[in-house]
>>> print(open('input.csv').read())   # CSV, C-alpha atoms and all ligand atoms
chain,number,residue,atom,x,y,z
A,1,MET,CA,71.4,-146.3,-162.8
A,2,THR,CA,73.2,-143.2,-161.6
A,3,SER,CA,76.6,-141.8,-161.1
A,4,ASN,CA,78.4,-139.2,-159.1
A,5,ASN,CA,81.0,-137.4,-161.2
A,6,PRO,CA,82.3,-139.5,-164.1
A,7,GLU,CA,84.7,-136.6,-165.0
A,8,LEU,CA,86.8,-137.0,-161.9
A,9,PRO,CA,90.5,-137.8,-162.6
A,10,PRO,CA,91.8,-141.2,-161.3
A,11,GLY,CA,92.4,-141.1,-157.5
A,12,ASP,CA,95.5,-142.0,-155.6
A,13,GLY,CA,96.3,-145.3,-153.9
A,14,PRO,CA,97.4,-148.8,-154.9
A,15,LEU,CA,94.1,-149.5,-156.7
A,16,ALA,CA,93.9,-146.2,-158.5
A,17,GLY,CA,92.5,-146.7,-162.0
A,18,ARG,CA,91.1,-150.1,-161.1
A,19,HIS,CA,87.4,-150.7,-161.7
A,20,ALA,CA,85.8,-152.8,-158.9
A,21,VAL,CA,82.3,-154.2,-158.8
A,22,VAL,CA,80.8,-155.0,-155.4
A,23,THR,CA,77.5,-157.0,-155.5
A,24,GLY,CA,75.4,-156.4,-152.5
A,25,GLY,CA,77.3,-153.1,-152.1
A,26,SER,CA,74.4,-151.2,-150.5
A,27,ARG,CA,74.9,-152.2,-146.9
A,28,GLY,CA,76.6,-154.4,-144.4
A,29,ILE,CA,79.8,-156.2,-145.4
A,30,GLY,CA,79.5,-155.1,-149.1
A,31,ALA,CA,79.2,-151.4,-148.1
A,32,ALA,CA,82.3,-151.8,-145.9
A,33,ILE,CA,84.2,-153.4,-148.7
A,34,ALA,CA,83.2,-150.7,-151.2
A,35,ALA,CA,84.4,-148.0,-148.7
A,36,GLU,CA,87.7,-149.9,-148.2
A,37,LEU,CA,88.4,-150.2,-151.9
A,38,ALA,CA,87.4,-146.6,-152.6
A,39,GLY,CA,89.9,-145.6,-149.9
A,40,LEU,CA,92.6,-147.5,-151.8
A,41,GLY,CA,91.7,-145.5,-155.0
A,42,ALA,CA,89.4,-147.9,-156.9
A,43,ASP,CA,86.5,-146.7,-159.0
A,44,LEU,CA,83.3,-148.6,-158.1
A,45,THR,CA,80.1,-150.0,-159.5
A,46,LEU,CA,77.7,-151.0,-156.7
A,47,MET,CA,75.1,-153.6,-157.5
A,48,GLY,CA,72.0,-154.8,-155.6
A,49,ARG,CA,68.2,-155.0,-155.9
A,50,ASN,CA,67.3,-151.8,-154.0
A,51,SER,CA,68.3,-148.8,-156.0
A,52,GLU,CA,67.5,-146.3,-153.3
A,53,ALA,CA,69.8,-148.1,-150.8
A,54,LEU,CA,72.5,-148.2,-153.5
A,55,GLY,CA,72.1,-144.5,-154.2
A,56,ARG,CA,72.5,-143.7,-150.5
A,57,GLN,CA,75.7,-145.7,-150.3
A,58,ARG,CA,77.0,-144.2,-153.6
A,59,ASP,CA,76.4,-140.7,-152.1
A,60,THR,CA,78.2,-141.6,-148.9
A,61,LEU,CA,81.3,-142.9,-150.8
A,62,THR,CA,81.2,-139.9,-153.1
A,63,ALA,CA,81.3,-137.6,-150.0
A,64,ASN,CA,84.1,-139.4,-148.4
A,65,TYR,CA,86.4,-140.5,-151.2
A,66,GLY,CA,87.6,-138.9,-154.5
A,67,THR,CA,86.9,-141.9,-156.7
A,68,LYS,CA,84.1,-142.5,-159.3
A,69,VAL,CA,81.2,-144.4,-157.9
A,70,PHE,CA,78.3,-145.7,-159.9
A,71,ASP,CA,75.4,-148.0,-159.1
A,72,TYR,CA,73.2,-150.3,-161.1
A,73,GLN,CA,70.1,-152.3,-160.0
A,74,VAL,CA,70.9,-156.0,-160.5
A,75,ASP,CA,69.3,-159.1,-159.0
A,76,VAL,CA,72.2,-161.6,-159.2
A,77,GLY,CA,69.6,-164.4,-159.4
A,78,ASP,CA,68.5,-163.1,-162.8
A,79,ALA,CA,70.8,-163.9,-165.7
A,80,ASP,CA,69.6,-161.2,-167.9
A,81,GLN,CA,69.9,-158.5,-165.3
A,82,VAL,CA,73.5,-159.7,-164.5
A,83,ALA,CA,74.4,-159.5,-168.2
A,84,ASN,CA,72.9,-156.1,-168.7
A,85,GLY,CA,74.4,-154.7,-165.5
A,86,PHE,CA,77.9,-155.8,-166.3
A,87,GLN,CA,77.7,-154.6,-169.8
A,88,TRP,CA,76.6,-151.2,-168.5
A,89,ALA,CA,79.4,-151.2,-165.9
A,90,ALA,CA,82.0,-152.0,-168.5
A,91,ASN,CA,80.7,-149.4,-170.9
A,92,THR,CA,80.7,-146.8,-168.1
A,93,LEU,CA,83.9,-147.4,-166.2
A,94,GLY,CA,85.8,-149.8,-168.5
A,95,PRO,CA,86.6,-153.5,-168.0
A,96,VAL,CA,86.2,-154.8,-164.5
A,97,ASP,CA,89.5,-155.5,-162.7
A,98,ILE,CA,88.1,-156.5,-159.4
A,99,LEU,CA,84.9,-158.5,-158.7
A,100,ILE,CA,83.5,-158.9,-155.2
A,101,ASN,CA,80.8,-161.5,-155.1
A,102,ASN,CA,79.2,-160.5,-151.9
A,103,ALA,CA,75.4,-160.5,-152.5
A,104,GLY,CA,73.8,-163.1,-150.2
A,105,ILE,CA,70.8,-164.1,-148.2
A,106,SER,CA,70.5,-166.5,-145.3
A,107,PRO,CA,67.0,-167.7,-144.6
A,108,SER,CA,66.9,-170.3,-141.8
A,109,ALA,CA,64.5,-173.3,-141.5
A,110,PRO,CA,64.8,-176.9,-140.2
A,111,PHE,CA,65.6,-179.1,-143.1
A,112,HIS,CA,62.1,-180.6,-143.3
A,113,ARG,CA,60.7,-177.1,-144.0
A,114,VAL,CA,63.3,-176.3,-146.7
A,115,ASP,CA,61.0,-176.3,-149.8
A,116,GLU,CA,62.0,-176.1,-153.4
A,117,ALA,CA,61.5,-172.3,-153.5
A,118,LEU,CA,63.8,-171.6,-150.5
A,119,TRP,CA,66.5,-174.0,-151.8
A,120,ALA,CA,66.4,-172.4,-155.2
A,121,ASN,CA,66.4,-168.9,-154.0
A,122,VAL,CA,69.5,-169.4,-151.8
A,123,MET,CA,71.3,-171.3,-154.6
A,124,GLU,CA,70.5,-168.7,-157.2
A,125,THR,CA,71.6,-165.8,-155.0
A,126,ASN,CA,74.5,-167.2,-153.1
A,127,LEU,CA,76.1,-169.6,-155.6
A,128,SER,CA,74.7,-169.2,-159.2
A,129,GLY,CA,74.9,-165.4,-158.7
A,130,ALA,CA,78.6,-165.6,-158.1
A,131,TYR,CA,79.0,-167.9,-161.1
A,132,ARG,CA,77.1,-165.5,-163.4
A,133,CYS,CA,78.9,-162.4,-162.3
A,134,THR,CA,82.3,-164.1,-162.6
A,135,GLN,CA,81.4,-165.3,-166.1
A,136,ALA,CA,80.6,-161.7,-167.0
A,137,VAL,CA,84.0,-160.3,-166.0
A,138,LEU,CA,86.5,-163.1,-166.5
A,139,PRO,CA,87.2,-162.7,-170.3
A,140,ALA,CA,88.3,-159.1,-169.8
A,141,MET,CA,90.5,-160.0,-166.8
A,142,LEU,CA,92.2,-162.8,-168.9
A,143,GLU,CA,92.7,-160.4,-171.8
A,144,ALA,CA,94.2,-157.8,-169.4
A,145,GLY,CA,96.4,-160.4,-167.7
A,146,TRP,CA,95.2,-159.1,-164.3
A,147,GLY,CA,92.2,-159.6,-162.1
A,148,ARG,CA,90.9,-160.2,-158.6
A,149,VAL,CA,87.8,-162.3,-157.9
A,150,ILE,CA,86.8,-162.5,-154.2
A,151,ASN,CA,83.9,-164.5,-153.1
A,152,ILE,CA,82.4,-163.7,-149.8
A,153,ALA,CA,81.7,-167.2,-148.4
A,154,SER,CA,81.3,-167.8,-144.7
A,155,THR,CA,82.4,-170.1,-141.9
A,156,ALA,CA,79.3,-171.9,-143.2
A,157,GLY,CA,81.4,-172.7,-146.3
A,158,LYS,CA,83.7,-174.8,-144.0
A,159,ILE,CA,81.6,-176.2,-141.2
A,160,GLY,CA,77.9,-177.0,-140.7
A,161,TYR,CA,75.3,-175.2,-138.7
A,162,ARG,CA,71.8,-176.3,-137.8
A,163,TYR,CA,68.8,-174.9,-139.7
A,164,VAL,CA,70.8,-173.4,-142.6
A,165,THR,CA,71.3,-176.4,-144.9
A,166,ALA,CA,70.8,-174.5,-148.1
A,167,TYR,CA,73.0,-171.6,-147.0
A,168,CYS,CA,75.8,-174.1,-145.9
A,169,ALA,CA,75.5,-176.0,-149.2
A,170,ALA,CA,75.7,-172.8,-151.3
A,171,LYS,CA,78.7,-171.5,-149.3
A,172,HIS,CA,80.5,-174.8,-149.5
A,173,GLY,CA,79.8,-174.7,-153.2
A,174,LEU,CA,81.2,-171.2,-153.5
A,175,ILE,CA,84.5,-172.4,-152.0
A,176,GLY,CA,84.6,-175.2,-154.5
A,177,LEU,CA,84.1,-172.7,-157.3
A,178,THR,CA,86.9,-170.6,-155.8
A,179,ARG,CA,89.4,-173.4,-155.7
A,180,SER,CA,88.7,-174.8,-159.2
A,181,LEU,CA,88.7,-171.5,-160.9
A,182,ALA,CA,91.9,-170.4,-159.1
A,183,LEU,CA,93.6,-173.3,-160.6
A,184,GLU,CA,92.2,-172.7,-164.1
A,185,VAL,CA,93.5,-169.1,-164.2
A,186,ALA,CA,96.6,-169.4,-162.1
A,187,GLN,CA,99.0,-168.6,-164.9
A,188,LYS,CA,96.9,-165.7,-166.3
A,189,GLY,CA,97.5,-163.0,-163.6
A,190,VAL,CA,94.0,-163.5,-162.1
A,191,THR,CA,93.6,-164.6,-158.5
A,192,VAL,CA,90.4,-166.1,-157.1
A,193,ASN,CA,89.9,-166.3,-153.3
A,194,ALA,CA,87.2,-166.6,-150.7
A,195,VAL,CA,86.8,-164.6,-147.5
A,196,CYS,CA,84.9,-166.4,-144.8
A,197,PRO,CA,83.4,-164.2,-142.1
A,198,GLY,CA,82.1,-165.5,-138.9
A,199,PHE,CA,78.9,-163.9,-137.5
A,200,THR,CA,79.3,-160.3,-138.4
A,201,ASP,CA,77.5,-157.2,-137.2
A,202,THR,CA,75.0,-156.6,-140.1
A,203,ALA,CA,71.3,-156.9,-140.8
A,204,ILE,CA,71.7,-160.7,-141.3
A,205,VAL,CA,72.7,-161.1,-137.6
A,206,SER,CA,70.2,-158.5,-136.2
A,207,ASP,CA,67.4,-160.2,-138.2
A,208,SER,CA,68.5,-163.5,-136.5
A,209,VAL,CA,68.5,-161.9,-133.1
A,210,ASP,CA,65.0,-160.6,-133.7
A,211,GLU,CA,63.9,-164.1,-134.8
A,212,ILE,CA,65.3,-165.7,-131.7
A,213,VAL,CA,63.6,-163.2,-129.5
A,214,ALA,CA,60.3,-163.7,-131.3
A,215,LYS,CA,60.5,-167.5,-131.3
A,216,THR,CA,61.9,-168.1,-127.8
A,217,GLY,CA,60.9,-165.1,-125.8
A,218,ARG,CA,64.5,-164.5,-124.7
A,219,SER,CA,65.8,-161.0,-124.3
A,220,GLU,CA,67.8,-159.4,-127.1
A,221,ALA,CA,71.1,-159.7,-125.0
A,222,GLU,CA,70.4,-163.4,-124.5
A,223,ALA,CA,69.6,-163.9,-128.2
A,224,LEU,CA,72.8,-162.1,-129.2
A,225,ALA,CA,74.8,-164.3,-126.7
A,226,GLU,CA,73.4,-167.4,-128.5
A,227,ILE,CA,75.2,-166.1,-131.6
A,228,THR,CA,78.4,-164.7,-130.1
A,229,LYS,CA,79.0,-168.0,-128.2
A,230,TYR,CA,80.3,-169.5,-131.5
A,231,ASN,CA,83.1,-167.0,-131.7
A,232,PRO,CA,86.1,-167.8,-129.4
A,233,GLN,CA,86.6,-164.0,-129.0
A,234,GLY,CA,83.0,-163.8,-127.7
A,235,ARG,CA,81.9,-161.1,-130.0
A,236,LEU,CA,80.6,-160.3,-133.5
A,237,VAL,CA,83.1,-159.6,-136.3
A,238,GLU,CA,83.0,-156.0,-137.6
A,239,PRO,CA,82.2,-155.5,-141.3
A,240,THR,CA,85.4,-153.4,-141.6
A,241,GLU,CA,87.4,-156.4,-140.4
A,242,VAL,CA,86.1,-158.4,-143.3
A,243,ALA,CA,86.6,-155.5,-145.7
A,244,GLN,CA,90.2,-155.1,-144.8
A,245,ALA,CA,90.9,-158.8,-145.6
A,246,VAL,CA,89.2,-158.3,-148.9
A,247,ALA,CA,91.2,-155.2,-149.6
A,248,TRP,CA,94.5,-156.9,-148.9
A,249,LEU,CA,93.6,-159.7,-151.4
A,250,CYS,CA,93.0,-157.0,-154.0
A,251,LEU,CA,96.4,-155.4,-153.7
A,252,PRO,CA,98.9,-155.8,-156.5
A,253,THR,CA,101.3,-157.3,-154.0
A,254,SER,CA,98.9,-160.1,-153.1
A,255,GLY,CA,99.3,-161.9,-156.5
A,256,ALA,CA,100.7,-165.1,-155.0
A,257,VAL,CA,97.6,-165.7,-152.8
A,258,THR,CA,95.0,-167.7,-154.8
A,259,GLY,CA,92.5,-170.5,-154.2
A,260,GLN,CA,92.4,-169.6,-150.5
A,261,SER,CA,89.6,-169.3,-148.0
A,262,ILE,CA,90.6,-166.6,-145.5
A,263,MET,CA,88.8,-167.0,-142.2
A,264,VAL,CA,87.8,-163.7,-140.5
A,265,ASP,CA,85.9,-165.3,-137.6
A,266,GLY,CA,87.8,-164.8,-134.3
A,267,GLY,CA,89.1,-168.4,-134.5
A,268,GLU,CA,85.7,-170.0,-134.8
A,269,ALA,CA,86.6,-172.4,-137.7
A,270,MET,CA,90.1,-173.8,-138.1
A,271,PRO,CA,89.5,-176.1,-141.0
B,1,LIG,P1,73.1,-157.8,-145.6
B,1,LIG,O1,71.8,-158.4,-145.6
B,1,LIG,O2,73.4,-156.7,-144.7
B,1,LIG,O3,73.5,-157.4,-147.1
B,1,LIG,C1,73.3,-158.2,-148.2
B,1,LIG,C2,73.5,-157.4,-149.4
B,1,LIG,O4,73.3,-158.3,-150.5
B,1,LIG,C3,72.6,-156.2,-149.6
B,1,LIG,O5,73.3,-155.2,-150.2
B,1,LIG,C4,71.5,-156.8,-150.5
B,1,LIG,O6,70.9,-155.7,-151.2
B,1,LIG,C5,72.3,-157.7,-151.4
B,1,LIG,N1,71.5,-158.8,-152.1
B,1,LIG,C6,70.8,-159.7,-151.5
B,1,LIG,N2,70.2,-160.5,-152.4
B,1,LIG,C7,70.6,-160.0,-153.6
B,1,LIG,C8,70.3,-160.3,-155.0
B,1,LIG,N3,69.6,-161.4,-155.3
B,1,LIG,N4,70.9,-159.6,-155.9
B,1,LIG,C9,71.7,-158.6,-155.7
B,1,LIG,N5,72.0,-158.2,-154.4
B,1,LIG,C10,71.4,-158.9,-153.4
B,1,LIG,O7,74.2,-159.0,-145.3
B,1,LIG,P2,75.7,-159.1,-145.0
B,1,LIG,O8,76.4,-157.8,-145.3
B,1,LIG,O9,75.8,-159.6,-143.6
B,1,LIG,O10,76.2,-160.2,-146.0
B,1,LIG,C11,77.0,-160.0,-147.1
B,1,LIG,C12,77.6,-161.4,-147.4
B,1,LIG,O11,78.4,-161.8,-146.4
B,1,LIG,C13,76.6,-162.4,-147.8
B,1,LIG,O12,77.1,-163.2,-148.9
B,1,LIG,C14,76.6,-163.3,-146.5
B,1,LIG,O13,76.2,-164.6,-146.8
B,1,LIG,C15,78.0,-163.2,-146.1
B,1,LIG,N6,78.2,-163.5,-144.7
B,1,LIG,C16,77.6,-162.7,-143.7
B,1,LIG,C17,77.8,-163.0,-142.4
B,1,LIG,C18,77.2,-162.3,-141.2
B,1,LIG,O14,77.2,-162.8,-140.1
B,1,LIG,N7,76.6,-161.1,-141.5
B,1,LIG,C19,78.7,-164.2,-141.9
B,1,LIG,C20,79.3,-164.9,-143.1
B,1,LIG,C21,79.0,-164.5,-144.4
B,1,LIG,P3,69.3,-155.8,-151.7
B,1,LIG,O15,68.6,-156.5,-150.7
B,1,LIG,O16,68.9,-154.4,-151.9
B,1,LIG,O17,69.4,-156.6,-153.0
>>> encode(input="input.csv", output="structure tokens", more="lines below")
Ligand code: NDP
Amino acid sequence: MTSNNPELPPGDGPLAGRHAVVTGGSRGIGAAIAAELAGLGADLTLMGRNSEALGRQRDTLTANYGTKVFDYQVDVGDADQVANGFQWAANTLGPVDILINNAGISPSAPFHRVDEALWANVMETNLSGAYRCTQAVLPAMLEAGWGRVINIASTAGKIGYRYVTAYCAAKHGLIGLTRSLALEVAQKGVTVNAVCPGFTDTAIVSDSVDEIVAKTGRSEAEALAEITKYNPQGRLVEPTEVAQAVAWLCLPTSGAVTGQSIMVDGGEAMP
């Protein structure tokens, strides 16, 4: 657990004075979201399992934006770590105004090879993790009468894909959680939305490309084409494109948008 400069005054921007927690904030989409929110003036707590990676991202944000940035090592699959992490975050930067449930994993396997351990790991990280983190912040949001919960789901929360049954089930579940909770808190100033990226240029996709190359002997370009063919724009989504949709949902002017699943996927899924 480390910080940059807790004495910094509040920054400028529409999210100045807001405390945002980004799970999985160390790299990929989470890192892009953290940067986008910092650019809008939010103070940040980054959470993830690898404290060195979190520290690097904290230092990058510190160098580029004038907001307070802290990090705390949390495995969202572990209830005690989540409780401790959010307690520490609230003690350090005050009640959480914005929660980005972004931490996620996407192991692939044909269904007959999806064992109890793989299933449980995906559910714990991608679905129960979001449940736990939201439980930790919601009481303070309701008390404040303002809050933003944004769940990073996926096109896999809307449509099926081969070899990722657990991932699809968890992401469909995350959209269900989003819709139900949005209704429960609709009159309390708290919005709950999902953002659903298509295949996005992060480690998740580069790992898949490596796996296709290893399993099929195809070239890297051919393996990448196997993935981009799903996107009508014929490309990967950029992490910043996902982050900008998230940032828009966090703005004070987006208060009427709740219970939605915003697709950022080049038109891949039109559910
Ligand atoms: P990355 O693998 O690049 O980043 C995942 C982040 O989640 C890392 O910061 C990782 O940090 C963290 N994380 C993973 N497991 C845990 C855990 N148990 N507890 C805390 N943090 C954890 O992936 P992306 O940036 O691509 O993915 C971010 C989200 O976007 C995920 O929910 C993913 O499902 C979703 N998404 C991604 C798409 C894509 O094509 N890239 C498409 C659609 C959705 P650490 O390992 O250090 O814990």
>>> residues_around(input="input.csv", residues="Ser261 of chain A", least_positions_apart="6", cutoff="8 Å", atoms="all atoms listed in the file", output="CSV table (one decimal) with C-alpha atoms, in the frame of the given file")
chain,number,residue,atom,x,y,z
A,175,ILE,CA,84.5,-172.4,-152.0
A,193,ASN,CA,89.9,-166.3,-153.3
A,194,ALA,CA,87.2,-166.6,-150.7
A,195,VAL,CA,86.8,-164.6,-147.5
A,196,CYS,CA,84.9,-166.4,-144.8
>>> closest_residue(input="input.csv", among="A:Thr240, A:Asn64, A:Gln233, A:Ser219", to="ligand LIG 1 (chain B)", atoms="only C-alpha atoms and all ligand atoms")
A:Thr240
>>> atom_distance(input="input.csv", atom1="atom CA of Thr216 of chain A", atom2="atom CA of Thr165 of chain A")
21.2 Å
>>> atom_distance(input="input.csv", atom1="atom CA of Ser254 of chain A", atom2="atom CA of Leu40 of chain A")
14.1 Å
>>> closest_atom_pairs(input="input.csv", of="chain A", to="ligand LIG 1 (chain B)", cutoff="6 Å", atoms="all atoms listed in the file", output="tab-separated table")
residue	atom	partner	partner_atom	distance
A:Thr23	CA	B:LIG1	N5	5.7
A:Gly24	CA	B:LIG1	O5	3.3
A:Gly25	CA	B:LIG1	O5	4.9
A:Ser26	CA	B:LIG1	O5	4.2
A:Arg27	CA	B:LIG1	O5	4.7
A:Gly28	CA	B:LIG1	O8	3.5
A:Ile29	CA	B:LIG1	O8	3.8
A:Gly30	CA	B:LIG1	O8	5.6
A:Gly48	CA	B:LIG1	N5	3.6
A:Arg49	CA	B:LIG1	O17	3.5
A:Asn50	CA	B:LIG1	O16	3.7
A:Val74	CA	B:LIG1	C9	5.5
A:Asp75	CA	B:LIG1	N4	3.5
A:Val76	CA	B:LIG1	N4	4.1
A:Gly77	CA	B:LIG1	N3	5.1
A:Asn102	CA	B:LIG1	O12	4.5
A:Ala103	CA	B:LIG1	O4	3.6
A:Gly104	CA	B:LIG1	O12	3.5
A:Ile105	CA	B:LIG1	C6	5.5
A:Thr125	CA	B:LIG1	N3	4.8
A:Ile152	CA	B:LIG1	O12	5.4
A:Ala153	CA	B:LIG1	C21	5.5
A:Ser154	CA	B:LIG1	C20	3.9
A:Pro197	CA	B:LIG1	C20	4.3
A:Gly198	CA	B:LIG1	C19	4.7
A:Phe199	CA	B:LIG1	O14	3.3
A:Thr200	CA	B:LIG1	O14	3.7
A:Asp201	CA	B:LIG1	N7	5.9
A:Thr202	CA	B:LIG1	O9	4.7
A:Ala203	CA	B:LIG1	O2	4.4
A:Ile204	CA	B:LIG1	O9	4.8
A:Val205	CA	B:LIG1	O14	5.4
>>> atom_distance(input="input.csv", atom1="atom CA of Lys68 of chain A", atom2="atom CA of Leu37 of chain A")
11.5 Å
